[in-house]
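Coordinates from input.pdb are shown below (PDB, C-alpha atoms, pLDDT in the B column).
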ATOM      1  CA  MET I   8      72.156 100.561 129.823  1.00 82.00           C
ATOM      2  CA  ARG I   9      74.851 103.010 128.800  1.00 84.00           C
ATOM      3  CA  TRP I  10      77.803 100.748 128.016  1.00 89.00           C
ATOM      4  CA  LEU I  11      76.943  97.074 127.518  1.00 92.00           C
ATOM      5  CA  ILE I  12      73.635  97.270 125.654  1.00 91.00           C
ATOM      6  CA  PRO I  13      74.862  99.668 122.926  1.00 89.00           C
ATOM      7  CA  ARG I  14      77.702  97.212 122.206  1.00 91.00           C
ATOM      8  CA  LEU I  15      75.799  93.915 122.206  1.00 93.00           C
ATOM      9  CA  ALA I  16      75.256  94.062 118.446  1.00 94.00           C
ATOM     10  CA  LEU I  17      79.036  93.804 118.029  1.00 93.00           C
ATOM     11  CA  PHE I  18      79.064  90.562 120.011  1.00 94.00           C
ATOM     12  CA  HIS I  19      76.105  89.197 118.046  1.00 95.00           C
ATOM     13  CA  ASP I  20      77.944  89.971 114.802  1.00 95.00           C
ATOM     14  CA  ALA I  21      81.001  88.037 116.007  1.00 92.00           C
ATOM     15  CA  TYR I  22      79.052  85.141 117.586  1.00 93.00           C
ATOM     16  CA  PRO I  23      75.634  84.964 115.883  1.00 94.00           C
ATOM     17  CA  SER I  24      74.854  81.521 117.323  1.00 94.00           C
ATOM     18  CA  VAL I  25      75.230  82.625 120.970  1.00 93.00           C
ATOM     19  CA  GLU I  26      72.090  83.818 122.749  1.00 93.00           C
ATOM     20  CA  VAL I  27      72.628  86.540 125.347  1.00 93.00           C
ATOM     21  CA  VAL I  28      70.026  86.960 128.091  1.00 92.00           C
ATOM     22  CA  VAL I  29      70.621  90.041 130.273  1.00 91.00           C
ATOM     23  CA  THR I  30      69.195  90.172 133.794  1.00 87.00           C
ATOM     24  CA  THR I  31      69.701  93.205 136.035  1.00 83.00           C
ATOM     25  CA  VAL I  32      69.381  93.720 139.772  1.00 76.00           C
ATOM     26  CA  SER I  33      68.784  96.998 141.589  1.00 61.00           C
ATOM     27  CA  THR I  34      70.222  95.945 144.942  1.00 57.00           C
ATOM     28  CA  VAL I  35      73.687  94.923 146.075  1.00 53.00           C
ATOM     29  CA  HIS I  36      73.998  91.222 146.911  1.00 51.00           C
ATOM     30  CA  GLU I  37      76.907  90.228 149.135  1.00 50.00           C
ATOM     31  CA  GLU I  38      76.870  86.671 147.828  1.00 58.00           C
ATOM     32  CA  LEU I  39      76.716  85.472 144.256  1.00 62.00           C
ATOM     33  CA  ARG I  40      74.214  82.708 143.728  1.00 62.00           C
ATOM     34  CA  GLY I  41      73.607  80.327 140.830  1.00 62.00           C
ATOM     35  CA  GLY I  42      71.465  80.814 137.763  1.00 74.00           C
ATOM     36  CA  PHE I  43      73.907  82.754 135.570  1.00 82.00           C
ATOM     37  CA  ASP I  44      76.823  82.048 133.254  1.00 90.00           C
ATOM     38  CA  VAL I  45      78.573  85.427 133.672  1.00 93.00           C
ATOM     39  CA  ALA I  46      78.097  88.080 136.346  1.00 92.00           C
ATOM     40  CA  ILE I  47      79.273  91.671 135.928  1.00 92.00           C
ATOM     41  CA  ARG I  48      79.975  93.351 139.238  1.00 90.00           C
ATOM     42  CA  ARG I  49      81.802  96.365 140.606  1.00 87.00           C
ATOM     43  CA  GLY I  50      85.080  95.224 142.123  1.00 89.00           C
ATOM     44  CA  VAL I  51      88.678  94.203 141.528  1.00 90.00           C
ATOM     45  CA  ALA I  52      90.059  91.163 139.753  1.00 89.00           C
ATOM     46  CA  GLY I  53      92.746  90.288 142.290  1.00 81.00           C
ATOM     47  CA  ALA I  54      93.371  86.700 143.337  1.00 76.00           C
ATOM     48  CA  GLY I  55      90.916  85.583 146.004  1.00 80.00           C
ATOM     49  CA  ALA I  56      88.714  88.662 145.650  1.00 85.00           C
ATOM     50  CA  TRP I  57      85.710  86.572 144.593  1.00 89.00           C
ATOM     51  CA  SER I  58      85.129  83.267 146.310  1.00 85.00           C
ATOM     52  CA  HIS I  59      84.593  80.365 143.890  1.00 85.00           C
ATOM     53  CA  HIS I  60      84.783  82.672 140.875  1.00 88.00           C
ATOM     54  CA  ARG I  61      87.391  83.726 138.318  1.00 90.00           C
ATOM     55  CA  ALA I  62      87.370  87.502 137.820  1.00 93.00           C
ATOM     56  CA  THR I  63      88.402  89.396 134.685  1.00 94.00           C
ATOM     57  CA  HIS I  64      88.748  93.178 134.707  1.00 94.00           C
ATOM     58  CA  VAL I  65      86.347  94.660 132.166  1.00 94.00           C
ATOM     59  CA  LEU I  66      85.919  98.382 132.615  1.00 91.00           C
ATOM     60  CA  ASP I  67      87.463 101.306 134.469  1.00 90.00           C
ATOM     61  CA  ASP I  68      85.250 103.816 136.258  1.00 90.00           C
ATOM     62  CA  VAL I  69      86.362 107.461 136.298  1.00 93.00           C
ATOM     63  CA  ASP I  70      84.291 110.328 137.681  1.00 94.00           C
ATOM     64  CA  THR I  71      84.340 113.862 136.298  1.00 96.00           C
ATOM     65  CA  LEU I  72      82.110 116.942 136.133  1.00 98.00           C
ATOM     66  CA  ILE I  73      79.269 116.854 133.568  1.00 98.00           C
ATOM     67  CA  MET I  74      76.742 119.423 132.340  1.00 98.00           C
ATOM     68  CA  SER I  75      74.479 120.115 129.389  1.00 98.00           C
ATOM     69  CA  PRO I  76      75.802 122.104 126.407  1.00 98.00           C
ATOM     70  CA  THR I  77      72.952 124.600 126.850  1.00 98.00           C
ATOM     71  CA  LEU I  78      73.811 125.295 130.481  1.00 98.00           C
ATOM     72  CA  PHE I  79      77.495 125.507 129.577  1.00 98.00           C
ATOM     73  CA  ALA I  80      76.678 128.159 126.969  1.00 97.00           C
ATOM     74  CA  GLN I  81      74.573 130.127 129.462  1.00 97.00           C
ATOM     75  CA  GLN I  82      76.852 129.808 132.481  1.00 97.00           C
ATOM     76  CA  PRO I  83      80.192 128.288 131.462  1.00 97.00           C
ATOM     77  CA  ILE I  84      82.497 126.505 133.890  1.00 98.00           C
ATOM     78  CA  LEU I  85      86.048 127.178 132.719  1.00 97.00           C
ATOM     79  CA  ALA I  86      87.708 126.923 136.140  1.00 97.00           C
ATOM     80  CA  PRO I  87      86.660 125.245 139.401  1.00 97.00           C
ATOM     81  CA  ALA I  88      85.652 128.581 140.935  1.00 96.00           C
ATOM     82  CA  ASP I  89      83.009 128.954 138.201  1.00 97.00           C
ATOM     83  CA  LEU I  90      80.992 126.221 139.946  1.00 96.00           C
ATOM     84  CA  GLU I  91      79.707 128.900 142.321  1.00 92.00           C
ATOM     85  CA  GLY I  92      76.077 129.649 141.539  1.00 90.00           C
ATOM     86  CA  HIS I  93      75.361 126.299 139.904  1.00 97.00           C
ATOM     87  CA  GLN I  94      72.882 123.772 141.274  1.00 97.00           C
ATOM     88  CA  LEU I  95      74.623 120.526 142.258  1.00 98.00           C
ATOM     89  CA  LEU I  96      72.872 117.258 141.333  1.00 98.00           C
ATOM     90  CA  ALA I  97      73.762 114.044 143.168  1.00 96.00           C
ATOM     91  CA  SER I  98      72.826 110.342 143.220  1.00 94.00           C
ATOM     92  CA  GLU I  99      72.090 108.025 146.135  1.00 92.00           C
ATOM     93  CA  THR I 100      73.677 105.157 144.196  1.00 87.00           C
ATOM     94  CA  ARG I 101      77.017 106.997 144.011  1.00 88.00           C
ATOM     95  CA  PRO I 102      77.471 108.506 147.479  1.00 88.00           C
ATOM     96  CA  GLY I 103      80.512 110.635 148.138  1.00 91.00           C
ATOM     97  CA  ASP I 104      81.070 111.613 144.501  1.00 94.00           C
ATOM     98  CA  TRP I 105      80.638 115.326 145.136  1.00 96.00           C
ATOM     99  CA  ILE I 106      82.731 115.338 148.313  1.00 96.00           C
ATOM    100  CA  ASP I 107      85.643 113.627 146.582  1.00 95.00           C
ATOM    101  CA  TRP I 108      85.405 115.765 143.459  1.00 97.00           C
ATOM    102  CA  LEU I 109      85.178 119.054 145.384  1.00 97.00           C
ATOM    103  CA  GLU I 110      88.247 118.081 147.398  1.00 96.00           C
ATOM    104  CA  ALA I 111      90.129 117.219 144.188  1.00 96.00           C
ATOM    105  CA  ALA I 112      89.034 120.571 142.697  1.00 96.00           C
ATOM    106  CA  LYS I 113      90.219 122.376 145.855  1.00 96.00           C
ATOM    107  CA  LEU I 114      86.702 123.587 146.634  1.00 96.00           C
ATOM    108  CA  PRO I 115      86.188 122.097 150.122  1.00 95.00           C
ATOM    109  CA  HIS I 116      84.087 125.083 151.199  1.00 94.00           C
ATOM    110  CA  LEU I 117      81.302 123.817 148.886  1.00 95.00           C
ATOM    111  CA  ILE I 118      81.095 120.347 150.442  1.00 94.00           C
ATOM    112  CA  GLY I 119      78.314 121.362 152.841  1.00 93.00           C
ATOM    113  CA  ARG I 120      76.302 123.073 150.139  1.00 92.00           C
ATOM    114  CA  PRO I 121      72.773 121.633 149.628  1.00 93.00           C
ATOM    115  CA  ARG I 122      72.356 119.361 146.622  1.00 96.00           C
ATOM    116  CA  THR I 123      69.392 117.971 144.733  1.00 97.00           C
ATOM    117  CA  VAL I 124      69.602 114.197 145.206  1.00 97.00           C
ATOM    118  CA  PHE I 125      68.048 111.516 142.988  1.00 96.00           C
ATOM    119  CA  ASP I 126      67.785 107.834 143.845  1.00 93.00           C
ATOM    120  CA  HIS I 127      69.753 106.576 140.838  1.00 91.00           C
ATOM    121  CA  PHE I 128      72.500 108.051 138.680  1.00 92.00           C
ATOM    122  CA  PHE I 129      70.548 107.625 135.455  1.00 90.00           C
ATOM    123  CA  ILE I 130      67.849 109.945 136.836  1.00 95.00           C
ATOM    124  CA  THR I 131      70.584 112.417 137.751  1.00 97.00           C
ATOM    125  CA  ARG I 132      72.009 112.067 134.237  1.00 96.00           C
ATOM    126  CA  GLN I 133      68.659 113.028 132.724  1.00 97.00           C
ATOM    127  CA  ALA I 134      68.373 116.034 135.033  1.00 98.00           C
ATOM    128  CA  VAL I 135      71.851 117.144 133.929  1.00 98.00           C
ATOM    129  CA  ILE I 136      70.920 116.719 130.254  1.00 97.00           C
ATOM    130  CA  ASP I 137      67.784 118.779 130.885  1.00 97.00           C
ATOM    131  CA  GLY I 138      69.956 121.594 132.269  1.00 97.00           C
ATOM    132  CA  LEU I 139      68.723 121.466 135.883  1.00 98.00           C
ATOM    133  CA  GLY I 140      72.269 121.626 137.226  1.00 98.00           C
ATOM    134  CA  VAL I 141      75.692 120.003 137.087  1.00 98.00           C
ATOM    135  CA  GLY I 142      76.593 116.486 138.157  1.00 98.00           C
ATOM    136  CA  ILE I 143      79.433 114.047 138.608  1.00 97.00           C
ATOM    137  CA  GLY I 144      79.410 111.378 135.916  1.00 93.00           C
ATOM    138  CA  PRO I 145      81.184 108.048 135.432  1.00 91.00           C
ATOM    139  CA  LEU I 146      83.284 107.542 132.328  1.00 88.00           C
ATOM    140  CA  PRO I 147      83.168 105.662 130.004  1.00 83.00           C
ATOM    141  CA  MET I 148      79.457 105.125 130.751  1.00 87.00           C
ATOM    142  CA  LEU I 149      78.727 108.512 129.209  1.00 91.00           C
ATOM    143  CA  ASP I 150      80.875 108.339 126.074  1.00 87.00           C
ATOM    144  CA  ILE I 151      77.794 108.063 123.845  1.00 89.00           C
ATOM    145  CA  ASP I 152      76.177 111.132 125.466  1.00 94.00           C
ATOM    146  CA  ILE I 153      79.401 113.081 125.019  1.00 94.00           C
ATOM    147  CA  ALA I 154      79.909 111.970 121.421  1.00 91.00           C
ATOM    148  CA  THR I 155      76.330 112.929 120.500  1.00 94.00           C
ATOM    149  CA  GLY I 156      76.580 116.315 122.239  1.00 96.00           C
ATOM    150  CA  HIS I 157      74.062 115.630 125.007  1.00 96.00           C
ATOM    151  CA  LEU I 158      76.696 116.222 127.682  1.00 97.00           C
ATOM    152  CA  VAL I 159      79.977 118.117 127.956  1.00 97.00           C
ATOM    153  CA  LEU I 160      82.903 117.833 130.367  1.00 97.00           C
ATOM    154  CA  PRO I 161      83.665 121.353 131.649  1.00 97.00           C
ATOM    155  CA  LEU I 162      86.813 120.367 133.580  1.00 97.00           C
ATOM    156  CA  PRO I 163      87.975 117.039 132.104  1.00 95.00           C
ATOM    157  CA  HIS I 164      91.391 117.266 133.763  1.00 95.00           C
ATOM    158  CA  ILE I 165      89.812 116.772 137.211  1.00 97.00           C
ATOM    159  CA  GLN I 166      89.059 113.049 137.331  1.00 95.00           C
ATOM    160  CA  LEU I 167      88.633 110.530 140.129  1.00 94.00           C
ATOM    161  CA  CYS I 168      89.381 106.839 139.620  1.00 92.00           C
ATOM    162  CA  ARG I 169      86.749 104.551 141.146  1.00 90.00           C
ATOM    163  CA  THR I 170      86.479 100.810 141.555  1.00 90.00           C
ATOM    164  CA  GLY I 171      85.796  99.433 138.090  1.00 90.00           C
ATOM    165  CA  TYR I 172      83.852  96.428 136.871  1.00 92.00           C
ATOM    166  CA  VAL I 173      84.762  92.764 136.573  1.00 94.00           C
ATOM    167  CA  ALA I 174      83.203  89.790 134.804  1.00 94.00           C
ATOM    168  CA  LEU I 175      82.875  86.688 136.957  1.00 93.00           C
ATOM    169  CA  LEU I 176      82.922  83.073 135.822  1.00 91.00           C
ATOM    170  CA  PRO I 177      82.606  80.093 138.164  1.00 88.00           C
ATOM    171  CA  ASP I 178      85.906  78.449 139.051  1.00 86.00           C
ATOM    172  CA  GLY I 179      86.570  75.620 136.660  1.00 80.00           C
ATOM    173  CA  ALA I 180      84.611  77.129 133.761  1.00 82.00           C
ATOM    174  CA  ASP I 181      85.938  75.611 130.555  1.00 85.00           C
ATOM    175  CA  HIS I 182      87.805  77.812 128.109  1.00 83.00           C
ATOM    176  CA  GLY I 183      86.211  78.126 124.701  1.00 84.00           C
ATOM    177  CA  THR I 184      82.642  78.054 125.988  1.00 91.00           C
ATOM    178  CA  PRO I 185      80.203  80.821 124.966  1.00 93.00           C
ATOM    179  CA  ALA I 186      80.496  82.291 128.466  1.00 94.00           C
ATOM    180  CA  THR I 187      84.293  82.528 128.355  1.00 93.00           C
ATOM    181  CA  ARG I 188      84.169  83.985 124.838  1.00 93.00           C
ATOM    182  CA  PHE I 189      81.715  86.591 126.085  1.00 95.00           C
ATOM    183  CA  VAL I 190      84.069  87.555 128.933  1.00 95.00           C
ATOM    184  CA  GLU I 191      87.023  87.792 126.531  1.00 94.00           C
ATOM    185  CA  TRP I 192      84.938  90.032 124.287  1.00 95.00           C
ATOM    186  CA  LEU I 193      83.909  92.227 127.251  1.00 94.00           C
ATOM    187  CA  ALA I 194      87.526  92.663 128.322  1.00 94.00           C
ATOM    188  CA  GLY I 195      88.541  93.558 124.769  1.00 93.00           C
ATOM    189  CA  GLU I 196      85.821  96.198 124.545  1.00 91.00           C
ATOM    190  CA  GLY I 197      86.939  97.651 127.857  1.00 89.00           C
ATOM    191  CA  ARG I 198      90.582  97.838 126.743  1.00 87.00           C
ATOM    192  CA  ALA I 199      89.585  99.525 123.471  1.00 83.00           C
ATOM    193  CA  ARG I 200      87.812 102.318 125.353  1.00 65.00           C
ATOM    194  CA  ARG I 201      90.268 102.842 128.183  1.00 58.00           C
ATOM    195  CA  GLN I 202      91.941 105.840 126.546  1.00 50.00           C
ATOM    196  CA  PRO I 203      90.942 109.273 127.909  1.00 43.00           C
ATOM    197  CA  LEU I 204      88.484 111.357 125.931  1.00 40.00           C
ATOM    198  CA  ALA I 205      90.003 113.696 123.380  1.00 37.00           C
ATOM    199  CA  ASP I 206      89.876 117.433 123.818  1.00 39.00           C
ATOM    200  CA  GLY I 207      87.622 117.484 120.771  1.00 35.00           C
ATOM    201  CA  LYS I 208      84.764 116.303 122.963  1.00 42.00           C
ATOM    202  CA  MET I 209      84.624 119.663 124.651  1.00 39.00           C
ATOM    203  CA  PRO I 210      82.480 122.518 123.317  1.00 36.00           C
TER     204      PRO I 210
END
Could I get this structure in the form of structure tokens?
Amino acid sequence: MRWLIPRLALFHDAYPSVEVVVTTVSTVHEELRGGFDVAIRRGVAGAGAWSHHRATHVLDDVDTLIMSPTLFAQQPILAPADLEGHQLLASETRPGDWIDWLEAAKLPHLIGRPRTVFDHFFITRQAVIDGLGVGIGPLPMLDIDIATGHLVLPLPHIQLCRTGYVALLPDGADHGTPATRFVEWLAGEGRARRQPLADGKMP
């Protein structure tokens, strides 16, 4: 929703004859089954990591603190201690984000603090945009929101590297097929956006 779909027009421009059909799942499947040309999953691209599949690293995943510009203007967070008094918003789909971030920010005394929890990060993201509190967000999934001013990064220097995303092709997939071209394009897009956000993204 926040990274692939906004970029699909670029692939269509480069390969207008290739049809892309996107199917999503809302649960984690331990085994990959047939019926797809390319699968995008969270994981690593090391040898043997994916049985019967060839994995290509596509995208890094880095967590950092996010909030709305309006809330930042009303109650700015310029140092970790400024988090006191803010409502913390969390996601069931990204458990442990707050614990890890608070430890990295040297705020372990806030780990037991009650949080408002939503079932999916994209619901949490909307609550953050609406100014209901502060959250932990994955970059570069939010680069569009940051570029358009819907979100700001109060403490961008405190970041946590997570397991990124890989594109999976069946072993033996021929090079030069539409599927392999799509994976090469995905990896290129990921490399192009691997640089950290500039300070100019901050308010």
Selection dump of the PyMOL selection byres ((chain I and resi 25) around 12), as a list in words: Leu15, Ala16, Phe18, His19, Asp20, Ala21, Tyr22, Pro23, Ser24, Glu26, Val27, Val28, Thr184, Pro185, Ala186, Thr187, Arg188 and Phe189 of chain I
Expected answer as a list in words: all residues with atoms within 10 Å of (83.0, 117.5, 136.6), all atoms listed in the file: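 Counting all atoms listed in the file, I find these residues within 10 Å of (83.0, 117.5, 136.6): Asp70, Thr71, Leu72, Ile73, Met74, Ile84, Pro87, Leu90, Trp105, Trp108, Leu109, Ala112, Val141, Gly142, Ile143, Gly144, Pro145, Val159, Leu160, Pro161, Leu162, Pro163, His164, Ile165, Gln166 and Leu167 of chain I.
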Long-range neighbours of segment 44-58 of chain I as a VMD selection string, 7 Å cut-off, all atoms listed in the file, 5 positions minimum in chain: chain I and resid 63 to 64 170 to 176 186
Axis-aligned box for all listed atoms of segment 130-145 of chain I, 8 Å per side, centre and edges in Å to one decimal, as lines of an AutoDock Vina configuration file:
center_x = 74.5
center_y = 114.8
center_z = 134.4
size_x = 29.4
size_y = 29.6
size_z = 24.4
I:Pro177, I:Gly156, I:Gly183, I:Gly103 ranked by distance to Thr77 of chain I, top pick (using only C-alpha atoms): I:Gly156
Separation of atom CA of Pro147 of chain I from atom CA of Val69 of chain I, in Å and rounded to one decimal: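 The value is 7.3 Å.
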I'd like the residues picked by the PyMOL selection byres ((chain I and resi 10) around 10) written out as a PDB file with C-alpha atoms, in the frame of the given file, using the chain letters and numbers from the file.
ATOM      1  CA  MET I   8      72.156 100.561 129.823  1.00 82.00           C
ATOM      2  CA  ARG I   9      74.851 103.010 128.800  1.00 84.00           C
ATOM      3  CA  LEU I  11      76.943  97.074 127.518  1.00 92.00           C
ATOM      4  CA  ILE I  12      73.635  97.270 125.654  1.00 91.00           C
ATOM      5  CA  PRO I  13      74.862  99.668 122.926  1.00 89.00           C
ATOM      6  CA  ARG I  14      77.702  97.212 122.206  1.00 91.00           C
ATOM      7  CA  LEU I  15      75.799  93.915 122.206  1.00 93.00           C
ATOM      8  CA  LEU I  66      85.919  98.382 132.615  1.00 91.00           C
ATOM      9  CA  LEU I 146      83.284 107.542 132.328  1.00 88.00           C
ATOM     10  CA  PRO I 147      83.168 105.662 130.004  1.00 83.00           C
ATOM     11  CA  MET I 148      79.457 105.125 130.751  1.00 87.00           C
ATOM     12  CA  LEU I 149      78.727 108.512 129.209  1.00 91.00           C
ATOM     13  CA  ASP I 150      80.875 108.339 126.074  1.00 87.00           C
ATOM     14  CA  ILE I 151      77.794 108.063 123.845  1.00 89.00           C
ATOM     15  CA  GLU I 196      85.821  96.198 124.545  1.00 91.00           C
ATOM     16  CA  GLY I 197      86.939  97.651 127.857  1.00 89.00           C
TER      17      GLY I 197
END
For Pro102 of chain I: contacts at 12 Å, all atoms listed in the file, fewer than 4 positions along chain excluded, given as a list in words: Leu96, Ala97, Ser98, Ile106, Asp107, Trp108, Val124, Phe125, Asp126, His127, Phe128, Ile143 and Arg169 of chain I
Explicit residues for the PyMOL selection byres ((chain I and resi 94) around 12) (as a list in words):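 In the shown coordinates, the PyMOL selection byres ((chain I and resi 94) around 12) covers Met74, Leu78, Gln82, Asp89, Leu90, Glu91, Gly92, His93, Leu95, Leu96, Ala97, Leu117, Arg120, Pro121, Arg122, Thr123, Val124, Ala134, Val135, Gly138, Leu139, Gly140, Val141 and Gly142 of chain I.
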Atom CA of Glu191 of chain I to atom CA of Gly42 of chain I, straight-line distance in Å: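 Going from atom CA of Gly42 of chain I over to atom CA of Glu191 of chain I covers 20.4 Å.
Among the candidates I:Gly179, I:Pro83, I:Ala199, I:Gln133, the one nearest to His59 of chain I when counting only C-alpha atoms is I:Gly179.
What separates atom CA of Asp152 of chain I from atom CA of Thr131 of chain I is a distance of 13.6 Å.
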Residue nearest Leu158 of chain I among I:Asp68, I:Asp104, I:Thr31, I:Pro76 (counting all atoms listed in the file):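 Among I:Asp68, I:Asp104, I:Thr31, I:Pro76, it is I:Pro76 that comes nearest to Leu158 of chain I.
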For all heavy atoms, please extract segment 127-136 of chain I from the block and return it as a PDB file, in the first residue's frame.
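Heads up, here's the output in out21.pdb:
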ATOM      1  N   HIS I 127      -3.584  -3.284  13.214  1.00  0.00           N
ATOM      2  CA  HIS I 127      -2.674  -3.227  12.072  1.00  0.00           C
ATOM      3  C   HIS I 127      -1.965  -1.882  12.065  1.00  0.00           C
ATOM      4  O   HIS I 127      -2.539  -0.856  12.465  1.00  0.00           O
ATOM      5  CB  HIS I 127      -3.432  -3.416  10.763  1.00  0.00           C
ATOM      6  CG  HIS I 127      -2.553  -3.767   9.599  1.00  0.00           C
ATOM      7  ND1 HIS I 127      -1.764  -2.835   8.962  1.00  0.00           N
ATOM      8  CD2 HIS I 127      -2.315  -4.951   8.974  1.00  0.00           C
ATOM      9  CE1 HIS I 127      -1.091  -3.417   7.981  1.00  0.00           C
ATOM     10  NE2 HIS I 127      -1.398  -4.701   7.970  1.00  0.00           N
ATOM     11  N   PHE I 128      -0.709  -1.874  11.563  1.00  0.00           N
ATOM     12  CA  PHE I 128       0.050  -0.633  11.588  1.00  0.00           C
ATOM     13  C   PHE I 128      -0.622   0.488  10.815  1.00  0.00           C
ATOM     14  O   PHE I 128      -0.547   1.654  11.207  1.00  0.00           O
ATOM     15  CB  PHE I 128       1.464  -0.835  11.030  1.00  0.00           C
ATOM     16  CG  PHE I 128       2.164   0.483  10.808  1.00  0.00           C
ATOM     17  CD1 PHE I 128       2.597   1.232  11.881  1.00  0.00           C
ATOM     18  CD2 PHE I 128       2.315   1.001   9.531  1.00  0.00           C
ATOM     19  CE1 PHE I 128       3.195   2.476  11.688  1.00  0.00           C
ATOM     20  CE2 PHE I 128       2.909   2.233   9.327  1.00  0.00           C
ATOM     21  CZ  PHE I 128       3.353   2.981  10.411  1.00  0.00           C
ATOM     22  N   PHE I 129      -1.295   0.172   9.703  1.00  0.00           N
ATOM     23  CA  PHE I 129      -1.859   1.244   8.900  1.00  0.00           C
ATOM     24  C   PHE I 129      -3.025   1.940   9.609  1.00  0.00           C
ATOM     25  O   PHE I 129      -3.337   3.087   9.305  1.00  0.00           O
ATOM     26  CB  PHE I 129      -2.253   0.726   7.520  1.00  0.00           C
ATOM     27  CG  PHE I 129      -1.054   0.348   6.702  1.00  0.00           C
ATOM     28  CD1 PHE I 129      -0.847  -0.947   6.298  1.00  0.00           C
ATOM     29  CD2 PHE I 129      -0.090   1.298   6.399  1.00  0.00           C
ATOM     30  CE1 PHE I 129       0.281  -1.295   5.569  1.00  0.00           C
ATOM     31  CE2 PHE I 129       1.042   0.972   5.678  1.00  0.00           C
ATOM     32  CZ  PHE I 129       1.233  -0.328   5.255  1.00  0.00           C
ATOM     33  N   ILE I 130      -3.652   1.271  10.560  1.00  0.00           N
ATOM     34  CA  ILE I 130      -4.635   1.942  11.426  1.00  0.00           C
ATOM     35  C   ILE I 130      -3.897   2.847  12.411  1.00  0.00           C
ATOM     36  O   ILE I 130      -4.310   3.987  12.669  1.00  0.00           O
ATOM     37  CB  ILE I 130      -5.500   0.920  12.172  1.00  0.00           C
ATOM     38  CG1 ILE I 130      -6.143  -0.063  11.194  1.00  0.00           C
ATOM     39  CG2 ILE I 130      -6.572   1.629  12.998  1.00  0.00           C
ATOM     40  CD1 ILE I 130      -7.039   0.577  10.168  1.00  0.00           C
ATOM     41  N   THR I 131      -2.808   2.338  12.965  1.00  0.00           N
ATOM     42  CA  THR I 131      -1.981   3.150  13.859  1.00  0.00           C
ATOM     43  C   THR I 131      -1.476   4.393  13.132  1.00  0.00           C
ATOM     44  O   THR I 131      -1.499   5.506  13.692  1.00  0.00           O
ATOM     45  CB  THR I 131      -0.787   2.326  14.377  1.00  0.00           C
ATOM     46  OG1 THR I 131      -1.255   1.107  14.926  1.00  0.00           O
ATOM     47  CG2 THR I 131      -0.010   3.108  15.425  1.00  0.00           C
ATOM     48  N   ARG I 132      -1.011   4.203  11.905  1.00  0.00           N
ATOM     49  CA  ARG I 132      -0.514   5.330  11.101  1.00  0.00           C
ATOM     50  C   ARG I 132      -1.580   6.422  10.982  1.00  0.00           C
ATOM     51  O   ARG I 132      -1.281   7.610  11.138  1.00  0.00           O
ATOM     52  CB  ARG I 132      -0.101   4.833   9.719  1.00  0.00           C
ATOM     53  CG  ARG I 132       0.082   5.917   8.684  1.00  0.00           C
ATOM     54  CD  ARG I 132       0.248   5.340   7.296  1.00  0.00           C
ATOM     55  NE  ARG I 132       0.028   6.344   6.272  1.00  0.00           N
ATOM     56  CZ  ARG I 132      -1.159   6.664   5.779  1.00  0.00           C
ATOM     57  NH1 ARG I 132      -2.255   6.046   6.223  1.00  0.00           N
ATOM     58  NH2 ARG I 132      -1.267   7.592   4.852  1.00  0.00           N
ATOM     59  N   GLN I 133      -2.816   6.024  10.712  1.00  0.00           N
ATOM     60  CA  GLN I 133      -3.876   7.018  10.573  1.00  0.00           C
ATOM     61  C   GLN I 133      -4.132   7.733  11.897  1.00  0.00           C
ATOM     62  O   GLN I 133      -4.364   8.946  11.927  1.00  0.00           O
ATOM     63  CB  GLN I 133      -5.171   6.364  10.075  1.00  0.00           C
ATOM     64  CG  GLN I 133      -6.264   7.367   9.722  1.00  0.00           C
ATOM     65  CD  GLN I 133      -5.828   8.331   8.635  1.00  0.00           C
ATOM     66  OE1 GLN I 133      -5.330   7.897   7.590  1.00  0.00           O
ATOM     67  NE2 GLN I 133      -5.995   9.616   8.864  1.00  0.00           N
ATOM     68  N   ALA I 134      -4.086   6.989  12.996  1.00  0.00           N
ATOM     69  CA  ALA I 134      -4.268   7.613  14.308  1.00  0.00           C
ATOM     70  C   ALA I 134      -3.161   8.615  14.598  1.00  0.00           C
ATOM     71  O   ALA I 134      -3.399   9.686  15.183  1.00  0.00           O
ATOM     72  CB  ALA I 134      -4.317   6.537  15.397  1.00  0.00           C
ATOM     73  N   VAL I 135      -1.928   8.294  14.181  1.00  0.00           N
ATOM     74  CA  VAL I 135      -0.813   9.229  14.358  1.00  0.00           C
ATOM     75  C   VAL I 135      -1.041  10.468  13.501  1.00  0.00           C
ATOM     76  O   VAL I 135      -0.872  11.609  13.975  1.00  0.00           O
ATOM     77  CB  VAL I 135       0.527   8.560  13.996  1.00  0.00           C
ATOM     78  CG1 VAL I 135       1.661   9.583  14.007  1.00  0.00           C
ATOM     79  CG2 VAL I 135       0.838   7.420  14.968  1.00  0.00           C
ATOM     80  N   ILE I 136      -1.430  10.285  12.255  1.00  0.00           N
ATOM     81  CA  ILE I 136      -1.698  11.430  11.370  1.00  0.00           C
ATOM     82  C   ILE I 136      -2.795  12.310  11.943  1.00  0.00           C
ATOM     83  O   ILE I 136      -2.735  13.546  11.845  1.00  0.00           O
ATOM     84  CB  ILE I 136      -2.071  10.930   9.959  1.00  0.00           C
ATOM     85  CG1 ILE I 136      -0.827  10.349   9.261  1.00  0.00           C
ATOM     86  CG2 ILE I 136      -2.665  12.055   9.111  1.00  0.00           C
ATOM     87  CD1 ILE I 136      -1.119   9.727   7.917  1.00  0.00           C
TER      88      ILE I 136
END
